[in-house]
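K.L.:
Contents of run27.txt (compact mmCIF, C-alpha atoms):
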```txt
# COMPACT_ATOMS: atom_id res chain seq x y z
CA MET A 1357 -0.37 25.24 -4.56
CA SER A 1358 1.95 23.81 -7.21
CA LYS A 1359 4.81 23.69 -4.70
CA LEU A 1360 2.64 21.77 -2.24
CA ARG A 1361 1.68 19.26 -4.92
CA ASP A 1362 5.30 18.79 -6.02
CA ASN A 1363 6.38 18.40 -2.40
CA LEU A 1364 3.81 15.65 -1.89
CA ILE A 1365 5.00 13.84 -5.02
CA VAL A 1366 8.59 13.96 -3.76
CA LYS A 1367 7.56 12.57 -0.39
CA LEU A 1368 5.56 9.77 -1.98
CA LEU A 1369 8.41 8.76 -4.31
CA LEU A 1370 10.87 8.95 -1.43
CA GLY A 1371 8.61 6.66 0.58
CA VAL A 1372 8.55 4.11 -2.26
CA PHE A 1373 12.32 4.04 -2.74
CA LEU A 1374 13.18 4.07 0.96
CA GLY A 1375 10.66 1.32 1.58
CA ILE A 1376 12.21 -0.94 -1.07
CA ILE A 1377 15.73 -0.35 0.22
CA ILE A 1378 14.69 -0.96 3.84
CA GLY A 1379 12.88 -4.15 2.89
CA LEU A 1380 15.84 -5.53 0.96
CA VAL A 1381 18.36 -4.98 3.78
CA SER A 1382 16.13 -5.68 6.81
CA ASN A 1383 16.47 -8.71 9.05
CA GLU A 1384 13.48 -10.43 10.64
CA THR A 1385 13.65 -8.40 13.85
CA PHE A 1386 13.73 -5.05 12.09
CA ILE A 1387 10.98 -5.91 9.60
CA LYS A 1388 8.74 -6.81 12.55
CA GLY A 1389 8.89 -3.20 13.65
CA ILE A 1390 8.26 -1.96 10.10
CA ILE A 1391 5.15 -4.05 9.51
CA THR A 1392 3.89 -3.17 12.98
CA ILE A 1393 4.08 0.52 12.06
CA LYS A 1394 2.32 -0.24 8.78
CA TYR A 1395 -0.44 -2.08 10.63
CA ILE A 1396 -1.05 0.77 13.09
CA LEU A 1397 -1.02 3.47 10.39
CA GLY A 1398 -3.33 1.37 8.25
CA GLN A 1399 -5.73 0.94 11.15
CA PHE A 1400 -5.89 4.71 11.62
CA ILE A 1401 -6.32 5.45 7.91
CA PHE A 1402 -9.09 2.92 7.45
CA PHE A 1403 -10.78 4.16 10.61
CA CYS A 1404 -10.97 7.61 9.05
CA VAL A 1405 -12.22 6.49 5.63
CA PRO A 1406 -15.93 5.96 6.51
CA LEU A 1407 -15.92 9.32 8.32
CA ILE A 1408 -14.38 11.00 5.25
CA ILE A 1409 -17.07 9.47 3.05
CA ILE A 1410 -19.86 10.75 5.33
CA GLY A 1411 -18.16 14.13 5.70
CA PHE A 1412 -17.96 14.71 1.96
CA ILE A 1413 -20.82 12.83 0.31
CA ALA A 1414 -23.73 13.71 2.63
CA PRO A 1415 -23.21 17.52 2.61
CA SER A 1416 -22.44 17.39 -1.12
CA ILE A 1417 -25.80 15.74 -1.77
CA THR A 1418 -27.62 18.38 0.28
CA SER A 1419 -25.85 21.13 -1.64
CA LEU A 1420 -26.91 19.67 -4.97
CA GLN A 1421 -30.59 20.05 -4.01
CA SER A 1422 -32.90 19.00 -6.88
CA ASN A 1423 -30.06 17.46 -8.87
CA ALA A 1424 -29.08 15.03 -6.09
CA SER A 1425 -31.14 11.97 -6.98
CA LYS A 1426 -30.46 12.33 -10.69
CA MET A 1427 -26.74 12.87 -10.12
CA LEU A 1428 -26.47 9.77 -7.93
CA GLY A 1429 -28.16 7.61 -10.56
CA THR A 1430 -26.01 9.10 -13.30
CA THR A 1431 -22.82 8.45 -11.32
CA LEU A 1432 -23.76 4.82 -10.68
CA LEU A 1433 -24.56 4.30 -14.36
CA ILE A 1434 -21.30 5.90 -15.54
CA ALA A 1435 -19.25 3.88 -13.04
CA TYR A 1436 -20.90 0.62 -14.10
CA LEU A 1437 -20.52 1.33 -17.83
CA SER A 1438 -16.89 2.33 -17.32
CA SER A 1439 -16.11 -0.89 -15.45
CA VAL A 1440 -17.95 -3.13 -17.93
CA GLY A 1441 -16.43 -1.27 -20.87
CA ALA A 1442 -12.92 -1.63 -19.43
CA ALA A 1443 -13.52 -5.33 -18.80
CA LEU A 1444 -14.81 -5.94 -22.33
CA PHE A 1445 -11.86 -4.05 -23.80
CA SER A 1446 -9.52 -6.20 -21.69
CA ALA A 1447 -11.22 -9.43 -22.78
CA LEU A 1448 -10.98 -8.59 -26.48
CA ALA A 1449 -7.31 -7.69 -26.03
CA GLY A 1450 -6.78 -10.94 -24.12
CA TYR A 1451 -8.21 -13.09 -26.90
CA ALA A 1452 -5.94 -11.32 -29.38
CA ILE A 1453 -2.72 -11.16 -27.35
CA ILE A 1454 -2.52 -13.95 -24.73
CA PRO A 1455 -2.28 -16.89 -27.18
CA ASN A 1456 0.86 -15.27 -28.62
CA LEU A 1457 2.62 -14.78 -25.27
CA ASN A 1458 5.23 -17.11 -23.81
CA ILE A 1459 4.36 -16.78 -20.12
CA ALA A 1460 6.26 -18.59 -17.37
CA THR A 1461 4.11 -21.04 -15.43
CA ASN A 1462 6.02 -21.30 -12.13
CA VAL A 1463 5.68 -18.86 -9.24
CA ASP A 1464 8.46 -18.85 -6.66
CA ASN A 1465 7.55 -19.08 -3.00
CA LEU A 1466 7.62 -15.82 -1.13
CA LYS A 1467 9.59 -15.21 2.02
CA GLU A 1468 7.10 -15.21 4.87
CA LEU A 1469 6.64 -11.98 6.77
CA PRO A 1470 7.07 -12.36 10.56
CA GLU A 1471 4.25 -11.70 12.99
CA ILE A 1472 3.83 -8.08 13.99
CA VAL A 1473 5.05 -7.08 17.45
CA PHE A 1474 1.59 -6.14 18.71
CA LYS A 1475 -1.82 -5.34 17.29
CA LEU A 1476 -3.46 -2.01 18.04
CA GLU A 1477 -6.86 -2.59 16.51
CA ILE A 1478 -8.86 0.51 15.59
CA PRO A 1479 -12.04 -0.83 14.00
CA PRO A 1480 -13.98 1.67 11.85
CA LEU A 1481 -17.30 2.83 13.24
CA MET A 1482 -18.92 1.28 10.16
CA SER A 1483 -17.94 -0.34 6.88
CA VAL A 1484 -17.22 1.70 3.77
CA MET A 1485 -20.44 0.59 2.10
CA SER A 1486 -22.44 1.34 5.26
CA ALA A 1487 -20.96 4.84 5.32
CA LEU A 1488 -21.78 5.29 1.65
CA ILE A 1489 -25.41 4.18 2.04
CA PHE A 1490 -25.79 6.24 5.24
CA SER A 1491 -24.46 9.34 3.46
CA ILE A 1492 -26.85 8.90 0.54
CA ILE A 1493 -29.88 8.28 2.75
CA ILE A 1494 -29.15 11.22 5.06
CA GLY A 1495 -28.31 13.58 2.20
CA LEU A 1496 -31.51 12.80 0.30
CA ALA A 1497 -33.63 12.90 3.48
CA VAL A 1498 -32.32 16.37 4.38
CA ILE A 1499 -33.32 17.60 0.91
CA TRP A 1500 -36.78 16.06 1.17
CA THR A 1501 -37.43 17.39 4.69
CA LYS A 1502 -35.61 20.71 4.15
CA SER A 1503 -33.92 20.28 7.54
CA GLU A 1504 -31.68 23.32 7.93
CA LYS A 1505 -30.25 22.19 11.28
CA ILE A 1506 -29.01 18.83 10.01
CA ASN A 1507 -27.78 20.48 6.84
CA GLY A 1508 -25.71 22.89 8.95
CA LEU A 1509 -24.33 20.03 11.06
CA LEU A 1510 -23.29 18.12 7.95
CA LYS A 1511 -21.41 21.14 6.61
CA GLU A 1512 -19.65 21.61 9.97
CA PHE A 1513 -18.70 17.93 9.95
CA GLN A 1514 -17.31 18.35 6.44
CA ASN A 1515 -15.05 21.17 7.64
CA ILE A 1516 -13.87 19.01 10.55
CA MET A 1517 -13.02 16.10 8.25
CA LEU A 1518 -11.18 18.45 5.89
CA GLU A 1519 -8.86 19.47 8.72
CA ILE A 1520 -8.34 15.84 9.78
CA VAL A 1521 -7.42 14.94 6.21
CA LYS A 1522 -5.00 17.85 5.83
CA LYS A 1523 -3.31 17.65 9.24
CA MET A 1524 -3.41 13.94 10.07
CA VAL A 1525 -4.14 11.60 7.16
CA ILE A 1526 -2.07 13.09 4.34
CA PRO A 1527 1.10 13.61 6.47
CA ILE A 1528 1.27 9.92 7.44
CA LEU A 1529 0.63 8.54 3.94
CA PRO A 1530 4.31 8.65 2.82
CA ILE A 1531 5.26 6.62 5.92
CA PHE A 1532 2.47 4.13 5.23
CA ILE A 1533 3.67 3.78 1.64
CA ALA A 1534 7.28 3.24 2.75
CA THR A 1535 6.28 0.46 5.15
CA THR A 1536 4.10 -1.17 2.47
CA PHE A 1537 6.97 -1.36 -0.02
CA ALA A 1538 9.37 -2.50 2.69
CA GLY A 1539 7.15 -5.50 3.33
CA LEU A 1540 6.87 -6.30 -0.39
CA ALA A 1541 10.64 -6.08 -0.84
CA TYR A 1542 11.35 -8.24 2.23
CA GLU A 1543 9.01 -11.07 1.23
CA GLY A 1544 10.38 -11.09 -2.31
CA SER A 1545 7.40 -9.91 -4.37
CA ILE A 1546 9.49 -7.28 -6.10
CA THR A 1547 12.63 -9.31 -6.79
CA LYS A 1548 11.18 -12.81 -7.40
CA GLN A 1549 7.61 -12.72 -8.67
CA LEU A 1550 7.56 -9.59 -10.77
CA PRO A 1551 9.88 -10.88 -13.54
CA ILE A 1552 7.63 -13.91 -14.09
CA PHE A 1553 4.65 -11.84 -15.15
CA ILE A 1554 6.41 -8.69 -16.33
CA GLU A 1555 5.02 -8.94 -19.87
CA VAL A 1556 1.45 -9.33 -18.68
CA ILE A 1557 1.72 -6.55 -16.12
CA ILE A 1558 3.17 -4.14 -18.67
CA LEU A 1559 0.34 -4.95 -21.08
CA VAL A 1560 -2.23 -4.34 -18.33
CA ILE A 1561 -0.70 -0.99 -17.37
CA ILE A 1562 -0.72 0.07 -21.02
CA GLY A 1563 -4.39 -0.94 -21.08
CA HIS A 1564 -5.02 1.28 -18.04
CA PHE A 1565 -3.67 4.34 -19.82
CA ILE A 1566 -5.60 3.57 -23.00
CA TRP A 1567 -8.82 3.31 -21.02
CA LEU A 1568 -8.06 6.50 -19.05
CA ALA A 1569 -7.40 8.35 -22.31
CA LEU A 1570 -10.77 7.17 -23.61
CA LEU A 1571 -12.57 8.15 -20.39
CA TYR A 1572 -11.05 11.62 -20.32
CA GLY A 1573 -11.70 12.05 -24.03
CA ILE A 1574 -15.40 11.28 -23.51
CA ALA A 1575 -15.46 13.58 -20.46
CA GLY A 1576 -13.97 16.38 -22.54
CA LEU A 1577 -16.64 15.95 -25.20
CA ILE A 1578 -19.45 15.94 -22.63
CA SER A 1579 -18.15 18.91 -20.63
CA LYS A 1580 -16.66 20.84 -23.59
CA GLU A 1581 -13.61 21.44 -21.37
CA ASN A 1582 -9.98 20.43 -21.84
CA PRO A 1583 -9.66 17.13 -19.89
CA TRP A 1584 -5.94 17.78 -19.32
CA LYS A 1585 -6.97 20.54 -16.91
CA VAL A 1586 -8.19 17.74 -14.65
CA ALA A 1587 -5.75 14.93 -15.43
CA LYS A 1588 -2.63 17.08 -14.85
CA HIS A 1589 -3.45 17.40 -11.14
CA TYR A 1590 -3.69 13.65 -10.54
CA GLY A 1591 0.03 12.90 -10.14
CA PRO A 1592 -0.02 12.82 -6.31
CA ALA A 1593 -3.20 10.73 -6.24
CA TYR A 1594 -1.81 8.25 -8.79
CA LEU A 1595 1.40 7.80 -6.82
CA THR A 1596 -0.46 7.48 -3.53
CA ALA A 1597 -2.64 4.75 -5.02
CA VAL A 1598 0.45 2.96 -6.33
CA GLY A 1599 1.93 3.07 -2.84
CA THR A 1600 -1.13 2.18 -0.76
CA MET A 1601 -2.88 -0.20 -3.20
CA SER A 1602 -6.14 1.17 -1.79
CA SER A 1603 -8.75 3.53 -3.25
CA ALA A 1604 -10.00 4.20 0.27
CA ALA A 1605 -6.58 5.15 1.62
CA THR A 1606 -5.96 7.37 -1.44
CA LEU A 1607 -9.25 9.24 -1.06
CA PRO A 1608 -7.84 12.27 0.81
CA VAL A 1609 -5.18 12.91 -1.85
CA ALA A 1610 -7.67 12.30 -4.68
CA LEU A 1611 -9.98 14.95 -3.23
CA SER A 1612 -7.10 17.37 -2.93
CA SER A 1613 -6.01 16.70 -6.52
CA ALA A 1614 -9.48 17.12 -8.03
CA ARG A 1615 -10.12 20.31 -6.04
CA LYS A 1616 -7.11 21.92 -7.75
CA SER A 1617 -8.75 21.73 -11.20
CA GLU A 1618 -10.22 25.02 -12.35
CA VAL A 1619 -12.79 23.31 -14.60
CA LEU A 1620 -14.36 20.99 -12.02
CA ASP A 1621 -17.28 22.13 -9.91
CA LYS A 1622 -16.22 21.88 -6.26
CA GLU A 1623 -19.55 20.53 -4.98
CA ILE A 1624 -19.57 17.88 -7.70
CA VAL A 1625 -15.97 16.98 -6.79
CA ASP A 1626 -16.93 16.48 -3.15
CA PHE A 1627 -19.71 14.16 -4.30
CA ALA A 1628 -18.11 12.29 -7.22
CA ILE A 1629 -14.61 11.59 -5.87
CA PRO A 1630 -15.59 9.86 -2.60
CA ILE A 1631 -18.37 7.84 -4.22
CA GLY A 1632 -16.11 7.06 -7.18
CA SER A 1633 -13.40 5.68 -4.91
CA THR A 1634 -15.94 3.12 -3.71
CA ILE A 1635 -17.89 2.18 -6.86
CA HIS A 1636 -15.64 3.01 -9.84
CA LEU A 1637 -13.03 0.26 -10.26
CA CYS A 1638 -12.33 0.32 -14.01
CA GLY A 1639 -8.61 -0.37 -13.61
CA SER A 1640 -9.15 -3.28 -11.25
CA VAL A 1641 -11.72 -5.03 -13.45
CA LEU A 1642 -9.60 -4.46 -16.56
CA THR A 1643 -6.71 -6.12 -14.74
CA GLU A 1644 -8.77 -8.97 -13.33
CA VAL A 1645 -10.24 -9.91 -16.70
CA PHE A 1646 -6.85 -10.02 -18.42
CA PHE A 1647 -5.32 -11.98 -15.55
CA VAL A 1648 -8.08 -14.60 -15.30
CA MET A 1649 -7.63 -15.23 -18.99
CA THR A 1650 -3.86 -15.50 -18.55
CA VAL A 1651 -4.17 -17.90 -15.60
CA SER A 1652 -6.71 -19.99 -17.51
CA LYS A 1653 -4.24 -20.32 -20.38
CA ILE A 1654 -1.36 -21.19 -18.02
CA LEU A 1655 -3.13 -23.78 -15.86
CA TYR A 1656 -5.85 -25.18 -18.09
CA GLY A 1657 -4.30 -24.74 -21.52
CA GLU A 1658 -7.07 -22.63 -23.02
CA LEU A 1659 -8.86 -19.31 -22.69
CA PRO A 1660 -12.35 -19.24 -21.14
CA PRO A 1661 -15.23 -19.44 -23.65
CA PHE A 1662 -16.43 -16.05 -24.88
CA SER A 1663 -19.94 -16.66 -23.55
CA SER A 1664 -18.55 -17.36 -20.07
CA MET A 1665 -16.43 -14.21 -20.22
CA ILE A 1666 -19.45 -12.05 -21.15
CA THR A 1667 -21.42 -13.41 -18.18
CA PHE A 1668 -18.38 -12.89 -15.95
CA ILE A 1669 -17.92 -9.30 -17.14
CA ILE A 1670 -21.57 -8.27 -16.68
CA LEU A 1671 -21.63 -9.60 -13.12
CA LEU A 1672 -18.12 -8.33 -12.35
CA GLY A 1673 -19.33 -4.78 -13.02
CA VAL A 1674 -21.95 -5.22 -10.30
CA PHE A 1675 -19.47 -6.79 -7.87
CA ALA A 1676 -17.01 -3.96 -8.53
CA ILE A 1677 -19.54 -1.39 -7.31
CA GLY A 1678 -19.80 -3.21 -3.98
CA ALA A 1679 -16.13 -4.21 -3.66
CA PRO A 1680 -14.23 -2.75 -0.68
CA GLY A 1681 -11.70 -0.04 -1.50
CA VAL A 1682 -8.83 -1.97 0.05
CA PRO A 1683 -5.90 -3.86 -1.49
CA GLY A 1684 -7.24 -6.75 -3.57
CA GLY A 1685 -10.84 -5.79 -2.82
CA THR A 1686 -12.13 -6.39 -6.33
CA VAL A 1687 -10.66 -9.84 -6.80
CA MET A 1688 -11.62 -10.90 -3.29
CA ALA A 1689 -15.22 -9.79 -3.82
CA SER A 1690 -15.43 -11.68 -7.11
CA LEU A 1691 -13.83 -15.00 -6.13
CA GLY A 1692 -17.26 -16.61 -6.36
CA LEU A 1693 -17.50 -15.55 -10.00
CA ILE A 1694 -14.00 -16.83 -10.75
CA THR A 1695 -14.75 -20.28 -9.35
CA GLY A 1696 -18.43 -20.51 -10.29
CA ILE A 1697 -18.48 -19.10 -13.83
CA LEU A 1698 -14.92 -19.68 -15.02
CA GLY A 1699 -14.42 -22.94 -13.14
CA PHE A 1700 -11.12 -22.10 -11.43
CA ASP A 1701 -9.84 -24.57 -8.83
CA ASP A 1702 -7.75 -23.79 -5.74
CA SER A 1703 -4.53 -23.56 -7.77
CA GLY A 1704 -6.14 -21.13 -10.20
CA VAL A 1705 -7.45 -18.94 -7.39
CA ALA A 1706 -4.05 -18.93 -5.64
CA LEU A 1707 -2.20 -17.95 -8.82
CA MET A 1708 -4.81 -15.32 -9.62
CA LEU A 1709 -4.49 -13.72 -6.19
CA THR A 1710 -0.69 -13.76 -6.47
CA ILE A 1711 -0.31 -12.00 -9.81
CA PHE A 1712 -3.19 -9.62 -9.07
CA ALA A 1713 -1.38 -8.51 -5.91
CA LEU A 1714 1.75 -7.73 -7.93
CA GLN A 1715 0.04 -4.94 -9.89
CA ASP A 1716 -2.89 -4.10 -7.61
CA SER A 1717 -1.39 -0.70 -6.96
CA PHE A 1718 -1.51 0.24 -10.67
CA GLY A 1719 -5.11 -0.93 -11.01
CA THR A 1720 -6.02 1.19 -8.00
CA ALA A 1721 -4.21 4.18 -9.52
CA CYS A 1722 -6.26 3.76 -12.69
CA ASN A 1723 -9.47 3.61 -10.64
CA ILE A 1724 -8.64 6.79 -8.75
CA THR A 1725 -7.49 8.73 -11.81
CA GLY A 1726 -10.60 7.66 -13.69
CA ASP A 1727 -12.75 9.28 -10.99
CA GLY A 1728 -11.53 12.65 -12.22
CA ALA A 1729 -13.04 11.90 -15.63
CA ILE A 1730 -16.36 11.02 -14.02
CA ALA A 1731 -16.31 14.29 -12.07
CA LEU A 1732 -15.69 16.15 -15.35
CA MET A 1733 -18.60 14.32 -17.02
CA LEU A 1734 -20.91 15.19 -14.14
CA THR A 1735 -19.76 18.81 -14.18
CA GLY A 1736 -20.59 19.01 -17.88
CA ILE A 1737 -23.98 17.32 -17.48
CA PHE A 1738 -25.27 19.10 -14.39
CA LYS A 1739 -23.71 22.50 -14.86
CA LYS A 1740 -25.90 22.87 -17.92
CA GLU A 1741 -28.92 22.32 -15.72
CA SER A 1742 -27.67 24.80 -13.10
CA ASN A 1743 -27.17 27.94 -15.16
CA THR A 1744 -29.64 29.86 -13.01
CA GLN A 1745 -28.29 28.51 -9.72
CA LYS A 1746 -24.62 27.69 -10.09
CA ILE A 1747 -23.22 25.14 -7.66
CA LYS A 1748 -20.42 26.68 -5.69
```
Show the structure stored in the file as structure tokens.

P.N.:
Amino acid sequence: MSKLRDNLIVKLLLGVFLGIIIGLVSNETFIKGIITIKYILGQFIFFCVPLIIIGFIAPSITSLQSNASKMLGTTLLIAYLSSVGAALFSALAGYAIIPNLNIATNVDNLKELPEIVFKLEIPPLMSVMSALIFSIIIGLAVIWTKSEKINGLLKEFQNIMLEIVKKMVIPILPIFIATTFAGLAYEGSITKQLPIFIEVIILVIIGHFIWLALLYGIAGLISKENPWKVAKHYGPAYLTAVGTMSSAATLPVALSSARKSEVLDKEIVDFAIPIGSTIHLCGSVLTEVFFVMTVSKILYGELPPFSSMITFIILLGVFAIGAPGVPGGTVMASLGLITGILGFDDSGVALMLTIFALQDSFGTACNITGDGAIALMLTGIFKKESNTQKIK
């Protein structure tokens, strides 16, 4: 198992480096082919994501039996508190640090990516949120009606999706990552924009690890287990998130990583990791809060009022739960808050989207890795209630 994990890490890193090199040396004709491949692979991955969510969450809920409703509510509460806590931590750090930073105010224009050769559209059967709500409704309804036939079908569907993940989704992820980084390198994001905000991005990434350490520390206290026994397996998932910039696309690897932990309950993993990839966006909200404060200082000469930031943070936690697990999903879902509460104009929104995109992969990696802490919390909470009927 360790060899398989290490092999995946090597492939992911190789995809990153090859993608950057290809992007830097490609001409317009060649990059057309690269971004076309990326588009097709992305279409397939995002087609599978709603099916993966149904395949894992619905049968996991039915397996949890009497704990299902309580576990769902607990997961939602933990995800919301984690996001709001991360955002508040980021805001306090922003008020202390940003006034002392000398941040460049100009963003160079990016090289425009050419049109893809052709579009092979593979629309998902439903949206991610629709799949999530469908899974919850069906799972709870099966428990209430004690429908053995539907329960059996859901478990069969879970086995089918497991094979699709193992034999189709995971093998193409390194290629998808390589094409993603090739596009970034070609348009100049890596070589031109990154140096402008390098200080801010480094500070945000440090904030991610501080928040993850706190989350896993709390999870260890709740579960009375060593949190490193979970975190140590998350290398492949972290790297996949960095490469894909998408919680949804990283879901198959995140499930595989969490399932390797000997202290996590497997049924809880199959429930918490898919739902966490959709509703738990602590890294993204931490990033967004620090960046909106930075942009406000750059463009408008001052940080947002504390009262406005508190309102923004409380509502951002709600928006994060409903944000799509795709690149830039959190900031796109909350643009109304940025303009309505913080008063950003078009220039502010454009700059916000630009610098958010530069580190979106690291925010996504924080989100995904944090889901392991939530799974450990839930294992600690609900295992205590399942001493007489242990969840397998």

K.L.:
Hey, which of A:Leu1698, A:Ala1452, A:Ile1409, A:Ala1604 ends up closest to A:Phe1490? Count all atoms listed in the file.

P.N.:
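That would be A:Ile1409, the residue with the smallest distance to A:Phe1490.
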
K.L.:
Go ahead and fit an axis-aligned box to every listed atom of stretch 1556-1569 of chain A plus 5 Å each side, and pass me the centre and edge lengths in Å, one decimal, as AutoDock Vina command-line options.

P.N.:
```
--center_x -2.8 --center_y -0.5 --center_z -19.6 --size_x 22.0 --size_y 27.7 --size_z 16.9
```

K.L.:
Given all atoms listed in the file as the basis, pick out the residue of A:Gly1441, A:Asn1456, A:Phe1403, A:Ala1610 nearest to A:Leu1595.

P.N.:
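Ranked by minimum distance to A:Leu1595, first place goes to A:Ala1610.
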
K.L.:
Give me, please, the distance in Å between atom CA of A:Lys1653 and atom CA of A:Ile1454, quoted to one decimal.

P.N.:
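Value for the atom CA of A:Lys1653-atom CA of A:Ile1454 distance: 7.9 Å.
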
K.L.:
Which residues, written as JSON, numbers by chain, have at least one atom at most 10 Å from stretch 1612-1617 of chain A, with all atoms listed in the file counted and residues fewer than 5 positions away on the same chain left out?

P.N.:
{"A": [1357, 1358, 1361, 1518, 1521, 1522, 1526, 1583, 1584, 1585, 1586, 1587, 1588, 1589, 1590, 1591, 1592, 1593, 1594, 1607, 1622, 1623, 1624, 1625, 1626, 1628, 1629, 1725, 1727, 1728, 1729, 1731, 1732]}

K.L.:
Considering all atoms listed in the file, can you say which of A:Phe1373, A:Phe1474, A:Phe1412, A:Phe1712 comes closest to A:Phe1646?

P.N.:
A:Phe1712

K.L.:
Rounded to one decimal, what separation in Å do you get between atom CA of A:Glu1644 and atom CA of A:Pro1530?

P.N.:
27.2 Å

K.L.:
Between A:Gly1371, A:Gly1704, A:Gly1544, A:Gly1736, which one has atoms that come closest to A:Ile1654, using all atoms listed in the file?

P.N.:
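Nearest to A:Ile1654: A:Gly1704.
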
K.L.:
Report, in Å with one decimal, the straight-line distance from atom CA of A:Ile1562 to atom CA of A:Ala1541.

P.N.:
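Spanning atom CA of A:Ile1562 to atom CA of A:Ala1541 is a straight-line distance of 24.0 Å.
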
K.L.:
Using all atoms listed in the file, which of A:Gly1599, A:Gly1563, A:Gly1657, A:Gly1411 sits nearest A:Leu1444?

P.N.:
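Closest to A:Leu1444, using all atoms listed in the file: A:Gly1563.
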
K.L.:
Can you pull out the residues contacting A:His1636? Cut-off 9 Å, using all atoms listed in the file, and skip same-chain residues under 5 positions away; I want them as a short mmCIF file (atom, residue, chain, number, x, y, z; two decimals) with C-alpha atoms, in the coordinates of the input.

P.N.:
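So the final result, stored in result.cif, reads:
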```
data_model
loop_
_atom_site.label_atom_id
_atom_site.label_comp_id
_atom_site.auth_asym_id
_atom_site.auth_seq_id
_atom_site.Cartn_x
_atom_site.Cartn_y
_atom_site.Cartn_z
CA LEU A 1432 -23.76 4.82 -10.68
CA ILE A 1434 -21.30 5.90 -15.54
CA ALA A 1435 -19.25 3.88 -13.04
CA TYR A 1436 -20.90 0.62 -14.10
CA SER A 1438 -16.89 2.33 -17.32
CA SER A 1439 -16.11 -0.89 -15.45
CA ILE A 1631 -18.37 7.84 -4.22
CA ALA A 1676 -17.01 -3.96 -8.53
CA ILE A 1677 -19.54 -1.39 -7.31
CA ASN A 1723 -9.47 3.61 -10.64
CA ILE A 1724 -8.64 6.79 -8.75
CA GLY A 1726 -10.60 7.66 -13.69
CA ASP A 1727 -12.75 9.28 -10.99
#
```

K.L.:
Nearest to A:Leu1571 among A:Met1733, A:Met1708, A:Leu1691, A:Ala1447, with distances taken over only C-alpha atoms: which residue is it?

P.N.:
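Ranking A:Met1733, A:Met1708, A:Leu1691, A:Ala1447 by distance to A:Leu1571, first place goes to A:Met1733.
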
K.L.:
Limit the output to C-alpha atoms and give stretch 1635-1676 of chain A as a short mmCIF file (atom, residue, chain, number, x, y, z; two decimals), in the first residue's frame.

P.N.:
```cif
data_model
loop_
_atom_site.label_atom_id
_atom_site.label_comp_id
_atom_site.auth_asym_id
_atom_site.auth_seq_id
_atom_site.Cartn_x
_atom_site.Cartn_y
_atom_site.Cartn_z
CA ILE A 1635 -19.05 21.82 2.32
CA HIS A 1636 -15.71 22.17 4.17
CA LEU A 1637 -13.66 24.97 2.57
CA CYS A 1638 -11.57 26.26 5.49
CA GLY A 1639 -8.48 26.88 3.36
CA SER A 1640 -10.40 28.75 0.69
CA VAL A 1641 -12.18 31.08 3.11
CA LEU A 1642 -8.96 31.71 5.04
CA THR A 1643 -7.34 32.72 1.75
CA GLU A 1644 -10.25 34.82 0.55
CA VAL A 1645 -10.45 36.84 3.76
CA PHE A 1646 -6.73 37.66 3.75
CA PHE A 1647 -6.80 38.53 0.05
CA VAL A 1648 -9.86 40.80 0.21
CA MET A 1649 -8.14 42.71 2.97
CA THR A 1650 -4.95 42.93 0.91
CA VAL A 1651 -6.79 44.12 -2.20
CA SER A 1652 -8.72 46.67 -0.14
CA LYS A 1653 -5.43 48.07 1.16
CA ILE A 1654 -3.89 48.14 -2.35
CA LEU A 1655 -6.79 49.75 -4.23
CA TYR A 1656 -8.64 51.75 -1.59
CA GLY A 1657 -5.83 52.60 0.80
CA GLU A 1658 -7.37 51.06 3.90
CA LEU A 1659 -8.53 47.78 5.39
CA PRO A 1660 -12.28 47.06 5.58
CA PRO A 1661 -13.96 48.04 8.88
CA PHE A 1662 -13.96 45.27 11.48
CA SER A 1663 -17.77 45.26 11.64
CA SER A 1664 -17.98 44.73 7.88
CA MET A 1665 -15.45 41.90 8.07
CA ILE A 1666 -17.44 40.12 10.80
CA THR A 1667 -20.61 40.27 8.69
CA PHE A 1668 -18.63 39.10 5.66
CA ILE A 1669 -17.12 36.18 7.59
CA ILE A 1670 -20.42 34.94 9.05
CA LEU A 1671 -22.09 34.92 5.64
CA LEU A 1672 -18.98 33.58 3.88
CA GLY A 1673 -19.19 30.46 6.05
CA VAL A 1674 -22.69 29.82 4.71
CA PHE A 1675 -21.67 30.52 1.11
CA ALA A 1676 -18.68 28.18 1.49
#
```
